[in-house]
file coords.txt (compact mmCIF, C-alpha atoms)
# COMPACT_ATOMS: atom_id res chain seq x y z
CA MET J 3 136.82 70.73 105.29
CA HIS J 4 135.01 70.86 101.96
CA LEU J 5 132.36 72.86 100.08
CA THR J 6 129.06 71.28 99.06
CA VAL J 7 126.79 72.71 96.35
CA ILE J 8 123.12 72.17 97.23
CA THR J 9 121.09 70.67 94.39
CA ASP J 10 118.14 68.88 96.00
CA ALA J 11 115.41 69.15 98.63
CA ARG J 12 117.50 67.33 101.23
CA GLY J 13 120.28 69.89 100.83
CA ARG J 14 117.83 72.78 101.07
CA LYS J 15 116.51 71.33 104.32
CA ARG J 16 120.08 71.18 105.70
CA TYR J 17 120.51 74.82 104.71
CA LEU J 18 117.38 75.87 106.59
CA ASP J 19 118.21 73.65 109.56
CA PHE J 20 121.62 75.32 109.99
CA GLN J 21 120.04 78.76 110.09
CA ARG J 22 117.37 77.65 112.57
CA GLY J 23 119.92 76.06 114.86
CA LEU J 24 122.21 79.06 114.74
CA TYR J 25 119.53 81.44 116.06
CA GLN J 26 117.69 79.04 118.35
CA GLY J 27 117.16 80.82 121.67
CA ASP J 28 118.55 84.18 120.46
CA PRO J 29 116.01 86.72 121.81
CA CYS J 30 117.00 89.38 119.25
CA TYR J 31 116.27 87.19 116.22
CA VAL J 32 112.74 86.87 114.79
CA SER J 33 112.20 84.34 112.04
CA THR J 34 110.05 86.54 109.74
CA SER J 35 113.18 87.21 107.65
CA SER J 36 113.36 83.51 106.72
CA PHE J 37 110.30 83.76 104.44
CA VAL J 38 112.33 85.69 101.86
CA LEU J 39 115.20 83.22 102.23
CA ARG J 40 112.86 80.32 101.37
CA GLU J 41 111.48 82.23 98.40
CA LEU J 42 114.97 82.51 96.90
CA LEU J 43 116.05 79.03 97.97
CA ASP J 44 112.99 77.37 96.40
CA GLN J 45 112.72 79.94 93.54
CA THR J 46 108.97 80.35 93.99
CA THR J 47 108.52 83.81 92.40
CA PRO J 48 109.31 85.25 88.96
CA PHE J 49 112.10 87.40 90.46
CA ALA J 50 113.65 84.40 92.22
CA ARG J 51 113.52 82.38 89.00
CA ALA J 52 115.29 85.21 87.16
CA CYS J 53 118.26 84.74 89.51
CA ARG J 54 120.98 82.14 89.22
CA VAL J 55 120.97 80.79 92.76
CA THR J 56 123.63 78.38 93.98
CA PRO J 57 123.33 77.56 97.69
CA VAL J 58 126.58 76.25 99.18
CA LEU J 59 127.63 74.77 102.52
CA VAL J 60 131.11 74.50 103.97
CA GLU J 61 131.26 71.48 106.22
CA GLU J 62 133.65 69.27 108.10
CA ASP J 63 132.90 65.76 109.41
CA GLY J 64 129.21 66.28 108.59
CA ARG J 65 129.00 69.55 110.56
CA VAL J 66 128.04 72.74 108.70
CA LEU J 67 130.44 75.62 109.45
CA ALA J 68 129.26 78.31 107.01
CA GLN J 69 126.75 78.78 104.22
CA ALA J 70 125.49 81.31 101.66
CA MET J 71 123.64 81.64 98.39
CA LEU J 72 125.94 82.54 95.51
CA LEU J 73 123.47 84.54 93.47
CA HIS J 74 123.49 86.49 90.23
CA HIS J 75 120.71 88.57 88.70
CA PRO J 76 121.29 90.05 85.22
CA GLY J 77 120.31 93.49 86.55
CA LEU J 78 123.46 93.78 88.68
CA PRO J 79 126.98 93.10 87.28
CA ALA J 80 128.29 91.42 90.43
CA LEU J 81 128.04 88.03 92.08
CA GLN J 82 126.21 88.24 95.39
CA VAL J 83 127.13 86.31 98.52
CA SER J 84 123.60 86.40 99.96
CA PHE J 85 122.08 85.08 103.19
CA PHE J 86 125.52 84.46 104.67
CA GLU J 87 125.64 82.51 107.94
CA ALA J 88 128.56 81.00 109.86
CA LEU J 89 129.67 79.67 113.20
CA GLU J 90 132.12 81.73 115.23
CA GLY J 91 135.85 81.17 114.73
CA GLN J 92 135.51 79.64 111.25
CA ARG J 93 137.69 81.96 109.16
CA GLY J 94 138.99 79.07 107.08
CA ALA J 95 135.45 78.00 106.16
CA VAL J 96 134.51 81.58 105.22
CA GLU J 97 137.65 81.93 103.08
CA LEU J 98 136.76 78.69 101.26
CA LEU J 99 133.25 80.03 100.64
CA LEU J 100 134.61 83.34 99.28
CA SER J 101 137.09 81.47 97.05
CA GLN J 102 134.16 79.62 95.52
CA ALA J 103 132.32 82.94 95.05
CA LYS J 104 135.29 84.46 93.23
CA GLU J 105 135.66 81.41 91.00
CA ARG J 106 131.95 81.44 90.13
CA ALA J 107 132.06 85.18 89.40
CA ARG J 108 134.93 84.70 86.95
CA ARG J 109 133.06 81.89 85.18
CA LEU J 110 130.09 84.24 84.74
CA GLY J 111 132.34 87.00 83.38
CA LEU J 112 131.87 89.20 86.45
CA SER J 113 134.65 91.27 87.99
CA ARG J 114 133.12 91.92 91.44
CA VAL J 115 131.65 90.06 94.39
CA VAL J 116 129.31 91.80 96.86
CA ILE J 117 128.72 90.34 100.31
CA GLY J 118 125.58 91.26 102.24
CA LEU J 119 123.07 91.98 99.46
CA ASN J 120 120.19 89.49 99.53
CA ALA J 121 119.20 89.39 95.85
CA HIS J 122 117.76 92.95 95.68
CA ILE J 123 117.75 95.82 98.14
CA SER J 124 113.97 95.39 98.46
CA TYR J 125 114.70 91.91 99.88
CA GLY J 126 117.38 92.98 102.35
CA VAL J 127 120.86 94.41 102.46
CA GLY J 128 123.66 94.67 105.00
CA ILE J 129 125.63 92.73 107.58
CA LEU J 130 124.65 94.09 111.01
CA THR J 131 127.71 95.49 112.82
CA ALA J 132 126.22 97.59 115.66
CA GLY J 133 122.88 97.56 117.50
CA PHE J 134 122.70 93.98 118.77
CA SER J 135 120.94 94.75 122.04
CA HIS J 136 117.47 95.12 120.50
CA LYS J 137 115.17 92.57 118.88
CA ASN J 138 115.24 93.08 115.12
CA THR J 139 112.26 94.88 113.62
CA PHE J 140 110.20 93.48 110.77
CA ASP J 141 112.01 93.67 107.41
CA SER J 142 115.38 94.58 108.98
CA LEU J 143 118.22 92.08 108.92
CA TYR J 144 119.86 90.51 111.94
CA ASN J 145 122.95 88.35 112.27
CA LYS J 146 125.49 87.20 114.84
CA PRO J 147 127.81 89.95 116.20
CA TYR J 148 131.00 88.35 114.86
CA TYR J 149 129.99 88.30 111.16
CA GLY J 150 131.57 91.65 110.33
CA ASP J 151 134.95 90.42 111.63
CA TYR J 152 135.17 87.96 108.73
CA PHE J 153 135.20 90.78 106.15
CA GLN J 154 137.18 93.60 107.77
CA ASP J 155 139.96 93.46 105.15
CA LEU J 156 137.50 94.20 102.33
CA ARG J 157 136.24 97.48 100.88
CA ARG J 158 132.87 98.37 102.37
CA ASP J 159 129.80 100.58 102.11
CA THR J 160 127.90 101.49 105.27
CA LEU J 161 124.21 101.82 106.12
CA SER J 162 122.21 102.93 109.15
CA THR J 163 118.71 102.66 110.57
CA TYR J 164 117.19 105.30 112.85
CA ARG J 165 114.81 105.15 115.79
CA GLY J 166 113.18 107.73 118.02
CA GLU J 167 110.01 109.11 119.52
CA ARG J 168 107.42 109.66 116.83
CA ARG J 169 105.97 112.85 118.37
CA ALA J 170 109.42 114.41 118.80
CA ALA J 171 110.22 113.66 115.15
CA ALA J 172 106.89 115.15 114.03
CA ARG J 173 107.65 118.41 115.86
CA ARG J 174 110.83 118.77 113.77
CA LEU J 175 108.97 118.60 110.46
CA PRO J 176 108.25 121.87 108.62
CA GLN J 177 104.84 123.16 109.68
CA THR J 178 103.89 124.93 106.45
CA ALA J 179 101.40 122.94 104.39
CA PRO J 180 102.95 121.80 101.08
CA ALA J 181 100.87 122.00 97.89
CA VAL J 182 100.73 118.20 97.67
CA GLU J 183 97.77 115.89 98.22
CA VAL J 184 98.31 112.59 100.04
CA CYS J 185 95.90 109.69 99.63
CA ARG J 186 95.71 106.16 100.94
CA CYS J 187 96.03 103.19 98.62
CA ASP J 188 93.10 100.97 97.68
CA LEU J 189 93.93 97.49 98.94
CA ARG J 190 91.03 96.06 96.95
CA GLN J 191 93.30 96.76 93.97
CA PHE J 192 96.43 95.36 95.60
CA TYR J 193 98.25 94.40 92.40
CA ARG J 194 97.53 97.77 90.80
CA GLU J 195 98.68 99.68 93.88
CA THR J 196 101.91 97.71 94.24
CA GLU J 197 102.60 98.44 90.57
CA ARG J 198 101.98 102.12 91.28
CA MET J 199 104.51 101.85 94.09
CA ARG J 200 106.98 100.06 91.81
CA ALA J 201 106.75 102.80 89.18
CA LEU J 202 107.57 105.41 91.83
CA CYS J 203 110.43 103.25 93.15
CA GLU J 204 112.00 103.26 89.70
CA GLN J 205 111.75 107.07 89.57
CA THR J 206 113.03 107.72 93.12
CA ILE J 207 114.67 104.82 94.96
CA GLY J 208 115.91 103.69 91.54
CA LYS J 209 118.81 106.10 92.02
CA THR J 210 119.81 104.40 95.29
CA HIS J 211 123.12 102.54 95.52
CA LEU J 212 122.78 98.86 94.42
CA TYR J 213 119.16 99.27 93.27
CA PHE J 214 118.48 97.76 89.86
CA PRO J 215 115.22 97.89 87.88
CA THR J 216 112.47 95.42 88.74
CA GLN J 217 109.95 93.68 86.52
CA GLU J 218 106.16 93.88 86.65
CA GLY J 219 104.74 92.19 89.73
CA HIS J 220 107.95 92.45 91.79
CA PHE J 221 106.43 94.22 94.80
CA TYR J 222 103.17 92.32 94.53
CA HIS J 223 104.98 89.00 94.97
CA LEU J 224 107.24 90.44 97.66
CA MET J 225 104.36 91.90 99.70
CA LYS J 226 101.41 89.56 99.08
CA ALA J 227 102.03 87.50 102.25
CA LEU J 228 101.66 90.77 104.18
CA ARG J 229 98.32 91.62 102.57
CA PRO J 230 96.14 90.25 105.44
CA PHE J 231 98.01 92.46 107.93
CA LEU J 232 97.87 95.70 105.94
CA ARG J 233 95.31 98.51 105.83
CA ASP J 234 94.83 101.20 103.21
CA GLU J 235 96.66 103.67 105.45
CA HIS J 236 99.92 101.68 105.28
CA LEU J 237 100.68 102.62 101.66
CA LEU J 238 100.37 106.34 100.94
CA PHE J 239 100.73 108.21 97.65
CA ALA J 240 101.52 111.89 97.11
CA ARG J 241 100.07 113.71 94.09
CA ASN J 242 100.80 117.16 92.74
CA ARG J 243 98.19 119.66 91.54
CA ALA J 244 98.20 118.05 88.10
CA GLY J 245 97.16 114.74 89.68
CA GLU J 246 100.50 113.07 89.01
CA ASP J 247 102.07 110.68 91.53
CA VAL J 248 105.16 112.33 93.00
CA GLY J 249 105.93 110.06 95.96
CA PHE J 250 104.95 107.12 98.13
CA LEU J 251 105.43 105.98 101.72
CA PHE J 252 105.08 102.38 102.89
CA TRP J 253 104.83 101.84 106.64
CA HIS J 254 103.39 99.24 108.98
CA PRO J 255 103.42 98.18 112.62
CA ASP J 256 106.56 96.35 113.72
CA PHE J 257 105.05 92.87 113.50
CA ASN J 258 108.14 91.36 115.13
CA GLU J 259 107.24 93.13 118.36
CA MET J 260 104.33 90.73 118.94
CA LEU J 261 106.50 87.64 118.28
CA SER J 262 109.00 85.98 120.59
CA GLY J 263 112.61 85.81 119.47
CA GLY J 264 114.80 82.77 119.02
CA ARG J 265 112.21 80.42 117.51
CA GLU J 266 110.44 79.74 114.23
CA HIS J 267 107.01 81.23 113.47
CA SER J 268 104.65 79.89 110.80
CA LEU J 269 102.23 82.15 108.93
CA PRO J 270 99.25 80.77 110.91
CA ALA J 271 101.12 81.49 114.17
CA ILE J 272 101.84 85.04 113.01
CA GLY J 273 98.18 85.43 112.12
CA ALA J 274 97.14 84.29 115.59
CA ALA J 275 99.58 86.73 117.19
CA TRP J 276 98.11 89.52 115.05
CA LEU J 277 94.61 88.71 116.28
CA PHE J 278 95.49 88.59 119.97
CA LYS J 279 98.69 90.59 120.49
CA ARG J 280 98.76 93.44 117.97
CA LYS J 281 97.76 96.02 120.60
CA ARG J 282 101.12 95.38 122.27
CA ILE J 283 102.98 96.87 119.29
CA THR J 284 104.50 100.26 120.11
CA THR J 285 106.68 100.87 117.04
CA ALA J 286 105.70 102.00 113.55
CA LYS J 287 108.18 100.88 110.90
CA LEU J 288 108.83 103.34 108.09
CA ASN J 289 109.71 100.68 105.54
CA ALA J 290 110.24 102.72 102.38
CA ILE J 291 109.75 106.24 101.10
CA GLY J 292 110.37 107.56 97.62
CA SER J 293 109.78 111.15 96.68
CA ARG J 294 110.30 113.40 93.67
CA SER J 295 110.29 116.60 95.74
CA PRO J 296 110.92 117.84 99.31
CA ALA J 297 107.31 118.99 99.48
CA ALA J 298 106.09 115.46 98.76
CA THR J 299 108.41 114.06 101.45
CA VAL J 300 107.06 116.47 104.07
CA ALA J 301 103.45 115.84 103.07
CA LEU J 302 103.90 112.07 103.27
CA LEU J 303 105.63 112.21 106.67
CA ARG J 304 103.01 114.54 108.13
CA THR J 305 100.21 112.28 106.92
CA PHE J 306 101.98 109.21 108.28
CA ASN J 307 102.34 110.90 111.69
CA ARG J 308 98.63 111.78 111.76
CA LEU J 309 97.59 108.24 110.85
CA ALA J 310 99.96 106.54 113.29
CA GLY J 311 98.53 108.70 116.05
CA GLU J 312 99.05 107.64 119.63
CA ARG J 313 99.02 103.94 118.78
CA TYR J 314 102.75 103.93 118.08
CA PRO J 315 104.93 106.16 120.29
CA TRP J 316 108.09 104.93 118.56
CA LEU J 317 109.23 105.22 114.96
CA GLU J 318 111.98 103.19 113.29
CA THR J 319 113.25 103.47 109.73
CA ASN J 320 114.51 100.86 107.35
CA PHE J 321 118.13 101.14 106.14
CA VAL J 322 119.60 104.36 104.72
CA TRP J 323 122.93 104.39 102.89
CA ASP J 324 125.34 106.63 104.80
CA ASN J 325 126.55 108.12 101.50
CA ASN J 326 122.98 109.23 100.71
CA LEU J 327 123.56 112.61 102.32
CA PRO J 328 120.07 114.17 101.87
CA SER J 329 118.34 111.15 103.47
CA THR J 330 120.98 110.84 106.18
CA ARG J 331 120.66 114.52 107.11
CA LEU J 332 116.85 114.25 107.22
CA ASN J 333 116.90 111.17 109.45
CA ARG J 334 119.48 112.67 111.81
CA HIS J 335 117.40 115.84 112.03
CA LEU J 336 114.22 113.93 112.84
CA LEU J 337 115.53 111.01 114.90
CA GLY J 338 119.11 111.70 115.98
CA GLU J 339 122.04 109.30 115.83
CA PRO J 340 121.79 105.92 114.05
CA HIS J 341 120.17 103.08 115.95
CA ARG J 342 121.78 100.18 114.07
CA LYS J 343 124.74 100.02 111.68
CA TYR J 344 125.22 97.72 108.70
CA GLU J 345 127.98 97.09 106.16
CA VAL J 346 128.23 95.64 102.66
CA TYR J 347 131.59 94.29 101.48
CA TRP J 348 133.27 94.10 98.08
CA ILE J 349 135.85 91.93 96.37
CA ASP J 350 136.99 93.84 93.27
CA GLY J 351 139.21 93.32 90.25
CA LEU J 352 138.59 89.63 89.54

call {"tool": "encode", "arguments": {"input": "coords.txt", "output": "structure tokens"}}
result
Amino acid sequence: MHLTVITDARGRKRYLDFQRGLYQGDPCYVSTSSFVLRELLDQTTPFARACRVTPVLVEEDGRVLAQAMLLHHPGLPALQVSFFEALEGQRGAVELLLSQAKERARRLGLSRVVIGLNAHISYGVGILTAGFSHKNTFDSLYNKPYYGDYFQDLRRDTLSTYRGERRAAARRLPQTAPAVEVCRCDLRQFYRETERMRALCEQTIGKTHLYFPTQEGHFYHLMKALRPFLRDEHLLFARNRAGEDVGFLFWHPDFNEMLSGGREHSLPAIGAAWLFKRKRITTAKLNAIGSRSPAATVALLRTFNRLAGERYPWLETNFVWDNNLPSTRLNRHLLGEPHRKYEVYWIDGL
């Protein structure tokens, strides 16, 4: 058994092939998450190029047993074990991979390793530990059920997603009208509007665990492949009486619902599915919300509910840190118990 550092196109293809093979035929896995993986692997965006990315494979007799990207961004003082994948029953291979991560962290002068953060929380965070009986929704992570077992001796942080009936959640919102105006974005000015969203992220979600500041264009590059599938209603802004932005809400249909699991989907294939199958989508995905006041939160959620209408009887959130008590209480009030559970793991004191 040995560890291989990937340095060329052939190695990157092996990396992608292992992931494809691992999830082939798994009905709960949808390949839309692999677009972000390729972005980091090939370093095709300014954010990706700002990261030190070292993809590694652990293999034996030419067979890949485990893999990950050992990644460091100067905004976070920890080495990340990102995009982790492994076969079942390969504890030795995972331990070899983590040993390499610890060694690389020390060489970079870092004292911590975090497992389960994929470059930035806007790209994906968490090893799924509960909720494997449902196909993963767009922009939520999915992995094999045994992954969490590899890290159970490590310190961890926990996250949850929530799911429920949209109309039932709407009835639990306060009914008094807040003194906040909500407007749709202008997708003709997509770069400008994603920058507007980024500024609000820094003011609101910027306080979230493991968030670190982003540079100009971050959300534009992250979201531009989605642009053909978005409408003005999918990115909402809240403004106070002085005309200042005080919150945003980004939502969209669950695109994964129109795609079959367990196989790869190209962008043209996703486009074709959108043309012919989008009416089958029943779930609205509340991807991100950032607010500077409770009134803005309520106004954004009420507007989202009105816009979603009867098209989407179900609502699902993106991840919420369990230690974020205000957000956790709000989601439990609106949607009940968590739908999926995730964990992030730490190796400290290097």

call {"tool": "closest_atom_pairs", "arguments": {"input": "coords.txt", "of": "region 173-285 of chain J", "to": "region 60-75 of chain J", "cutoff": "12 Å", "atoms": "only C-alpha atoms", "output": "CSV"}}
result
residue,atom,partner,partner_atom,distance
J:Leu212,CA,J:His75,CA,12.0
J:Tyr213,CA,J:His75,CA,11.7
J:Phe214,CA,J:His75,CA,9.5
J:Pro215,CA,J:His75,CA,10.8
J:Thr216,CA,J:His75,CA,10.7

call {"tool": "closest_residue", "arguments": {"input": "coords.txt", "among": "J:Asn242, J:Gln177, J:Asn289, J:Ser268", "to": "Arg304 (chain J)", "atoms": "only C-alpha atoms"}}
result
J:Gln177

call {"tool": "atom_distance", "arguments": {"input": "coords.txt", "atom1": "CA of Gln217 (chain J)", "atom2": "CA of Leu202 (chain J)"}}
result
13.1 Å

call {"tool": "residues_near_point", "arguments": {"input": "coords.txt", "point": "(112.7, 95.8, 97.5)", "cutoff": "9 Å", "atoms": "only C-alpha atoms", "output": "list of chain:residue names"}}
result
J:His122, J:Ile123, J:Ser124, J:Tyr125, J:Gly126, J:Cys203, J:Tyr213, J:Thr216, J:His220, J:Phe221, J:Leu224, J:Ala290

call {"tool": "closest_atom_pairs", "arguments": {"input": "coords.txt", "of": "region 82-168 of chain J", "to": "region 334-341 of chain J", "cutoff": "6 Å", "atoms": "all atoms listed in the file", "output": "JSON lines"}}
result
{"residue": "J:Ser162", "atom": "CA", "partner": "J:Pro340", "partner_atom": "CA", "distance": 5.8}
{"residue": "J:Thr163", "atom": "CA", "partner": "J:His341", "partner_atom": "CA", "distance": 5.6}
{"residue": "J:Tyr164", "atom": "CA", "partner": "J:Pro340", "partner_atom": "CA", "distance": 4.8}
{"residue": "J:Arg165", "atom": "CA", "partner": "J:His341", "partner_atom": "CA", "distance": 5.7}
{"residue": "J:Gly166", "atom": "CA", "partner": "J:Leu337", "partner_atom": "CA", "distance": 5.1}

call {"tool": "atom_distance", "arguments": {"input": "coords.txt", "atom1": "CA of Thr178 (chain J)", "atom2": "CA of Leu327 (chain J)"}}
result
23.6 Å

call {"tool": "atom_distance", "arguments": {"input": "coords.txt", "atom1": "CA of Ala298 (chain J)", "atom2": "CA of Ile207 (chain J)"}}
result
14.2 Å

call {"tool": "residues_around", "arguments": {"input": "coords.txt", "residues": "Gly111 (chain J)", "least_positions_apart": "5", "cutoff": "12 Å", "atoms": "all atoms listed in the file", "output": "list in words"}}
result
His74, Pro76, Pro79, Ala80, Leu81, Lys104, Glu105, Arg106, Gly351 and Leu352 of chain J

call {"tool": "residues_around", "arguments": {"input": "coords.txt", "residues": "region 257-262 of chain J", "least_positions_apart": "4", "cutoff": "8 Å", "atoms": "all atoms listed in the file", "output": "ChimeraX atom specification"}}
result
/J:29,32,34,137-140,272,275-276,279-280,282-285

call {"tool": "closest_residue", "arguments": {"input": "coords.txt", "among": "J:Gly292, J:Gly118, J:Pro48, J:Gly23", "to": "Asp247 (chain J)", "atoms": "all atoms listed in the file"}}
result
J:Gly292

call {"tool": "closest_residue", "arguments": {"input": "coords.txt", "among": "J:Arg241, J:His236, J:Arg168, J:Arg158", "to": "Asp324 (chain J)", "atoms": "all atoms listed in the file"}}
result
J:Arg158

call {"tool": "residues_near_point", "arguments": {"input": "coords.txt", "point": "(99.0, 119.0, 92.7)", "cutoff": "8 Å", "atoms": "only C-alpha atoms", "output": "JSON, numbers by chain"}}
result
{"J": [181, 182, 183, 241, 242, 243, 244, 245, 246]}
